[in-house]
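S.K.: Take a look at the following structure, please.
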Amino acid sequence: LCELSGSTGNNARAKSSLSGLSITTRTKNDPLATKLSFGRDGNLVASEPNPGKCGTSVLVTNLFQPLPVRRKEFKKQVKRQYAKMLLLLQAYGIVSENVKINVVNFVKGKRVVALSTQGKNMQGNLANVFGSKALKDMQFVSFEKDLHHLDEKRGDDTDAASGKLQNESNFAEKDTILVKGYVSKLGYGIGRSTAGERQFVFVNGRPVQMTKVIKTIN
């Protein structure tokens with residue numbers, strides 16, 4: 001019995017409805033891996049032994065095959081879509097610790113490594129993604145921020161509608177946020193690139209788009 005549940009299951013069902021989906025998985029105690037193939041409705045259609053390595057691999061094939069118009073448009077913009085995908089994978093490559101990420105592309109039948117990280121820590125990941133030279137122009141920062149000062153700025157006025165004080169805390173006693181990462185060092189030309197500025201923001205280990213935060217840092 002195999003069931004797809006939670007957010008991962010929902011993602012898998014969405015992929016299976018738009019493409020071919022198979023998952024190969026193996027634990028260190030299994031003699032062989034198991035390959036699971038799913039139909040367009042997200043239900044398991046085949047399960048067979050496979051000589052796979054330990055871990056889990058997800059294979060998506062024939063993307064947008066059920067939607068000819070969408071697939072045609074996707075093929076027209078394949079270079080742009082590939083660049084967007086690679087940028088997202090670079091973001092995960094930077095922030096993912098204790099996880100190795102390898103991305104390969106096949107160009108005219110030749111296997112080309114587009115991204116490879118060792119996953120030990122963020123410093124090493126940055127060097128893997130952008131090179132050790134780029135890392136030399138960056139410095140590590142880390143600080144904690146207490147969230148209670150946000151309540152203090154509201155004043156002591158009472159909200160007429162609710163009857164509650166506006167400075168009544170919405171946070172627990174020890175609510176703080178930890179901000180850490182790498183930023184460019186001060187210096188002429190540092191932080192600029194002919195390929196464009198590269199800035200990544202993460203919340204709880206996931207890349208996010210936060211324009212205001214980026215503007216504040218700049």
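Chain lettering (A, B, ...) mirrors the order of the structure tokens, residue numbering begins at 1 for each chain separately, and ligand numbering begins at 1 in order of display.
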So that I can see what lies close to stretch 18-23 of chain A, please list as a list in words the residues with an atom at most 9 Å from it, counting only C-alpha atoms and leaving out residues fewer than 2 positions away in the same chain.
M.R.: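 Result of the neighbour search: Ala12, Arg13, Ala14, Lys15, Ser16, Thr25, Thr34, Lys35, Leu36, Ser37, Phe38, Gly39, Arg40, Gly42, Thr56, Ser57, Val58, Leu59, Val60, Thr61, Asn62, Leu63, Phe64, Gln65, Pro66 and Leu67 of chain A.
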S.K.: Write to file, as an mmCIF file, in the first residue's frame, the residues of the selection just made, with N, CA, C and O atoms.
M.R.:
```
data_model
loop_
_atom_site.group_PDB
_atom_site.id
_atom_site.type_symbol
_atom_site.label_atom_id
_atom_site.label_comp_id
_atom_site.auth_asym_id
_atom_site.auth_seq_id
_atom_site.Cartn_x
_atom_site.Cartn_y
_atom_site.Cartn_z
ATOM 1 N N ALA A 12 3.091 15.840 -5.488
ATOM 2 C CA ALA A 12 3.281 14.658 -6.328
ATOM 3 C C ALA A 12 2.068 14.423 -7.214
ATOM 4 O O ALA A 12 2.196 14.088 -8.394
ATOM 5 N N ARG A 13 0.874 14.592 -6.655
ATOM 6 C CA ARG A 13 -0.338 14.423 -7.454
ATOM 7 C C ARG A 13 -0.403 15.445 -8.581
ATOM 8 O O ARG A 13 -0.814 15.138 -9.696
ATOM 9 N N ALA A 14 -0.012 16.688 -8.272
ATOM 10 C CA ALA A 14 -0.029 17.735 -9.285
ATOM 11 C C ALA A 14 0.933 17.400 -10.427
ATOM 12 O O ALA A 14 0.613 17.583 -11.604
ATOM 13 N N LYS A 15 2.124 16.895 -10.060
ATOM 14 C CA LYS A 15 3.112 16.528 -11.086
ATOM 15 C C LYS A 15 2.634 15.356 -11.922
ATOM 16 O O LYS A 15 2.829 15.327 -13.141
ATOM 17 N N SER A 16 2.009 14.368 -11.277
ATOM 18 C CA SER A 16 1.570 13.193 -12.022
ATOM 19 C C SER A 16 0.437 13.531 -12.984
ATOM 20 O O SER A 16 0.287 12.872 -14.020
ATOM 21 N N THR A 25 13.124 4.744 -4.242
ATOM 22 C CA THR A 25 13.556 4.974 -2.863
ATOM 23 C C THR A 25 14.156 3.712 -2.254
ATOM 24 O O THR A 25 13.789 2.586 -2.607
ATOM 25 N N THR A 34 13.163 0.426 -4.427
ATOM 26 C CA THR A 34 11.839 0.181 -4.980
ATOM 27 C C THR A 34 11.444 1.358 -5.862
ATOM 28 O O THR A 34 11.525 2.510 -5.433
ATOM 29 N N LYS A 35 11.043 1.054 -7.076
ATOM 30 C CA LYS A 35 10.596 2.088 -8.010
ATOM 31 C C LYS A 35 9.078 2.102 -8.047
ATOM 32 O O LYS A 35 8.436 1.094 -8.337
ATOM 33 N N LEU A 36 8.500 3.267 -7.749
ATOM 34 C CA LEU A 36 7.056 3.440 -7.726
ATOM 35 C C LEU A 36 6.645 4.320 -8.900
ATOM 36 O O LEU A 36 7.167 5.424 -9.067
ATOM 37 N N SER A 37 5.726 3.844 -9.700
ATOM 38 C CA SER A 37 5.233 4.606 -10.844
ATOM 39 C C SER A 37 3.783 4.998 -10.599
ATOM 40 O O SER A 37 2.981 4.172 -10.137
ATOM 41 N N PHE A 38 3.446 6.259 -10.926
ATOM 42 C CA PHE A 38 2.120 6.776 -10.637
ATOM 43 C C PHE A 38 1.402 7.178 -11.928
ATOM 44 O O PHE A 38 2.022 7.638 -12.899
ATOM 45 N N GLY A 39 0.082 7.004 -11.920
ATOM 46 C CA GLY A 39 -0.739 7.379 -13.055
ATOM 47 C C GLY A 39 -1.123 8.850 -12.995
ATOM 48 O O GLY A 39 -0.767 9.577 -12.062
ATOM 49 N N ARG A 40 -1.879 9.293 -13.990
ATOM 50 C CA ARG A 40 -2.278 10.700 -14.070
ATOM 51 C C ARG A 40 -3.179 11.125 -12.907
ATOM 52 O O ARG A 40 -3.276 12.305 -12.586
ATOM 53 N N GLY A 42 -2.683 10.224 -9.865
ATOM 54 C CA GLY A 42 -1.892 10.227 -8.640
ATOM 55 C C GLY A 42 -1.861 8.899 -7.919
ATOM 56 O O GLY A 42 -1.210 8.772 -6.876
ATOM 57 N N THR A 56 16.213 8.823 -1.957
ATOM 58 C CA THR A 56 14.985 8.914 -2.747
ATOM 59 C C THR A 56 15.217 9.801 -3.963
ATOM 60 O O THR A 56 15.767 10.894 -3.842
ATOM 61 N N SER A 57 14.819 9.309 -5.128
ATOM 62 C CA SER A 57 14.933 10.064 -6.375
ATOM 63 C C SER A 57 13.545 10.210 -6.985
ATOM 64 O O SER A 57 12.770 9.250 -7.021
ATOM 65 N N VAL A 58 13.242 11.414 -7.459
ATOM 66 C CA VAL A 58 11.956 11.689 -8.111
ATOM 67 C C VAL A 58 12.230 12.005 -9.572
ATOM 68 O O VAL A 58 13.021 12.902 -9.881
ATOM 69 N N LEU A 59 11.597 11.279 -10.473
ATOM 70 C CA LEU A 59 11.803 11.474 -11.909
ATOM 71 C C LEU A 59 10.508 11.975 -12.545
ATOM 72 O O LEU A 59 9.456 11.329 -12.445
ATOM 73 N N VAL A 60 10.595 13.133 -13.180
ATOM 74 C CA VAL A 60 9.458 13.723 -13.886
ATOM 75 C C VAL A 60 9.786 13.732 -15.378
ATOM 76 O O VAL A 60 10.819 14.268 -15.785
ATOM 77 N N THR A 61 8.932 13.147 -16.202
ATOM 78 C CA THR A 61 9.171 13.066 -17.648
ATOM 79 C C THR A 61 7.969 13.614 -18.411
ATOM 80 O O THR A 61 6.849 13.671 -17.888
ATOM 81 N N ASN A 62 8.223 14.036 -19.650
ATOM 82 C CA ASN A 62 7.151 14.515 -20.537
ATOM 83 C C ASN A 62 6.278 15.576 -19.869
ATOM 84 O O ASN A 62 5.043 15.461 -19.811
ATOM 85 N N LEU A 63 6.940 16.612 -19.378
ATOM 86 C CA LEU A 63 6.232 17.681 -18.680
ATOM 87 C C LEU A 63 5.196 18.345 -19.591
ATOM 88 O O LEU A 63 5.490 18.659 -20.745
ATOM 89 N N PHE A 64 3.993 18.536 -19.067
ATOM 90 C CA PHE A 64 2.855 19.158 -19.763
ATOM 91 C C PHE A 64 2.383 18.358 -20.979
ATOM 92 O O PHE A 64 1.731 18.905 -21.864
ATOM 93 N N GLN A 65 2.678 17.056 -21.006
ATOM 94 C CA GLN A 65 2.251 16.219 -22.127
ATOM 95 C C GLN A 65 0.723 16.219 -22.308
ATOM 96 O O GLN A 65 0.232 16.248 -23.445
ATOM 97 N N PRO A 66 -0.066 16.233 -21.227
ATOM 98 C CA PRO A 66 -1.531 16.233 -21.398
ATOM 99 C C PRO A 66 -2.082 17.579 -21.886
ATOM 100 O O PRO A 66 -3.265 17.660 -22.225
ATOM 101 N N LEU A 67 -1.247 18.621 -21.879
ATOM 102 C CA LEU A 67 -1.703 19.959 -22.275
ATOM 103 C C LEU A 67 -0.872 20.429 -23.468
ATOM 104 O O LEU A 67 0.141 21.108 -23.296
#
```
S.K.: Please produce, as a Markdown table, a per-residue contact table for stretch 50-128 of chain A versus stretch 198-208 of chain A (criterion: any atom at most 8 Å away, only C-alpha atoms considered), showing the nearest atom pair and its distance in Å to one decimal, sorted by chain then residue number.
M.R.:
```
| residue | atom | partner | partner_atom | distance |
| --- | --- | --- | --- | --- |
| A:Leu88 | CA | A:Pro207 | CA | 7.8 |
| A:Ala91 | CA | A:Pro207 | CA | 6.3 |
| A:Tyr92 | CA | A:Pro207 | CA | 7.0 |
| A:Val95 | CA | A:Gly205 | CA | 6.2 |
| A:Ser96 | CA | A:Gly205 | CA | 7.2 |
```
S.K.: With N, CA and C atoms kept, could you save the residues just selected as a JSON list (two decimals), in the first residue's frame?
M.R.:
```
[["chain", "number", "residue", "atom", "x", "y", "z"],
["A", 88, "LEU", "N", 16.54, 28.98, -8.89],
["A", 88, "LEU", "CA", 15.88, 28.42, -7.70],
["A", 88, "LEU", "C", 16.71, 27.31, -7.09],
["A", 91, "ALA", "N", 19.56, 28.68, -5.16],
["A", 91, "ALA", "CA", 19.11, 29.15, -3.85],
["A", 91, "ALA", "C", 19.07, 28.00, -2.85],
["A", 92, "TYR", "N", 18.48, 26.89, -3.26],
["A", 92, "TYR", "CA", 18.43, 25.72, -2.37],
["A", 92, "TYR", "C", 19.82, 25.15, -2.16],
["A", 95, "VAL", "N", 21.44, 27.26, 0.72],
["A", 95, "VAL", "CA", 20.88, 27.18, 2.08],
["A", 95, "VAL", "C", 20.82, 25.76, 2.63],
["A", 96, "SER", "N", 20.89, 24.75, 1.78],
["A", 96, "SER", "CA", 20.72, 23.36, 2.23],
["A", 96, "SER", "C", 22.01, 22.81, 2.82]]
```
S.K.: Near A:Phe130, within 10 Å and counting only C-alpha atoms, which residues show up once chain neighbours fewer than 4 positions away are dropped, as a list in words?
M.R.: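 Skipping anything fewer than 4 positions along the chain leaves Gln90, Ile94, Leu115, Asn125, Leu126, Ala134, Leu135 and Arg198 of chain A.
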S.K.: Tell me which protein, DNA and RNA residues are within 12 Å of A:Gly124, counting only C-alpha atoms, leaving out same-chain ones fewer than 5 positions away, and put them as a PyMOL selection string.
M.R.: chain A and resi 93-100+116-119+129-132+134-136+182
S.K.: Put those residues in a file: C-alpha atoms, as a short mmCIF file (atom, residue, chain, number, x, y, z; two decimals), in the first residue's frame.
M.R.:
```
data_model
loop_
_atom_site.label_atom_id
_atom_site.label_comp_id
_atom_site.auth_asym_id
_atom_site.auth_seq_id
_atom_site.Cartn_x
_atom_site.Cartn_y
_atom_site.Cartn_z
CA GLY A 93 22.04 24.77 -3.03
CA ILE A 94 23.19 27.70 -0.89
CA VAL A 95 20.88 27.18 2.08
CA SER A 96 20.72 23.36 2.23
CA GLU A 97 23.16 22.01 4.80
CA ASN A 98 23.95 18.29 5.12
CA VAL A 99 22.33 17.82 1.70
CA LYS A 100 24.24 17.38 -1.54
CA SER A 116 27.10 20.71 -7.59
CA THR A 117 27.31 21.31 -3.83
CA GLN A 118 28.83 19.29 -0.99
CA GLY A 119 26.22 20.52 1.49
CA VAL A 129 27.81 27.70 -6.40
CA PHE A 130 29.70 30.94 -7.13
CA GLY A 131 33.35 30.01 -6.69
CA SER A 132 35.89 30.68 -3.94
CA ALA A 134 33.23 35.38 -4.81
CA LEU A 135 33.36 34.07 -1.23
CA LYS A 136 36.47 36.17 -0.50
CA TYR A 182 26.71 36.40 4.07
#
```
S.K.: One decimal, in Å: what's the spacing between atom CA of A:Val103 and atom CA of A:Pro49?
M.R.: 25.2 Å
S.K.: Using atom CA of A:Asn105 and atom CA of A:Leu86 as the two end points, give the distance in Å to one decimal.
M.R.: 10.4 Å
S.K.: Quote the spacing between atom CA of A:Leu186 and atom CA of A:Leu87 in Å to one decimal place.
M.R.: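 Computed distance, atom CA of A:Leu186 to atom CA of A:Leu87, equals 25.3 Å.
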S.K.: Hey, which of A:Phe143, A:Tyr82, A:Phe106, A:Phe74 ends up closest to A:Lys180? Count only C-alpha atoms.
M.R.: A:Phe143
S.K.: Give the strand (DSSP E) residues of stretch 41-158 of chain A, as DSSP finds them on the backbone, and put them as a ChimeraX atom specification.
M.R.: /A:44-50,55-61,102-107,110-116,138-146
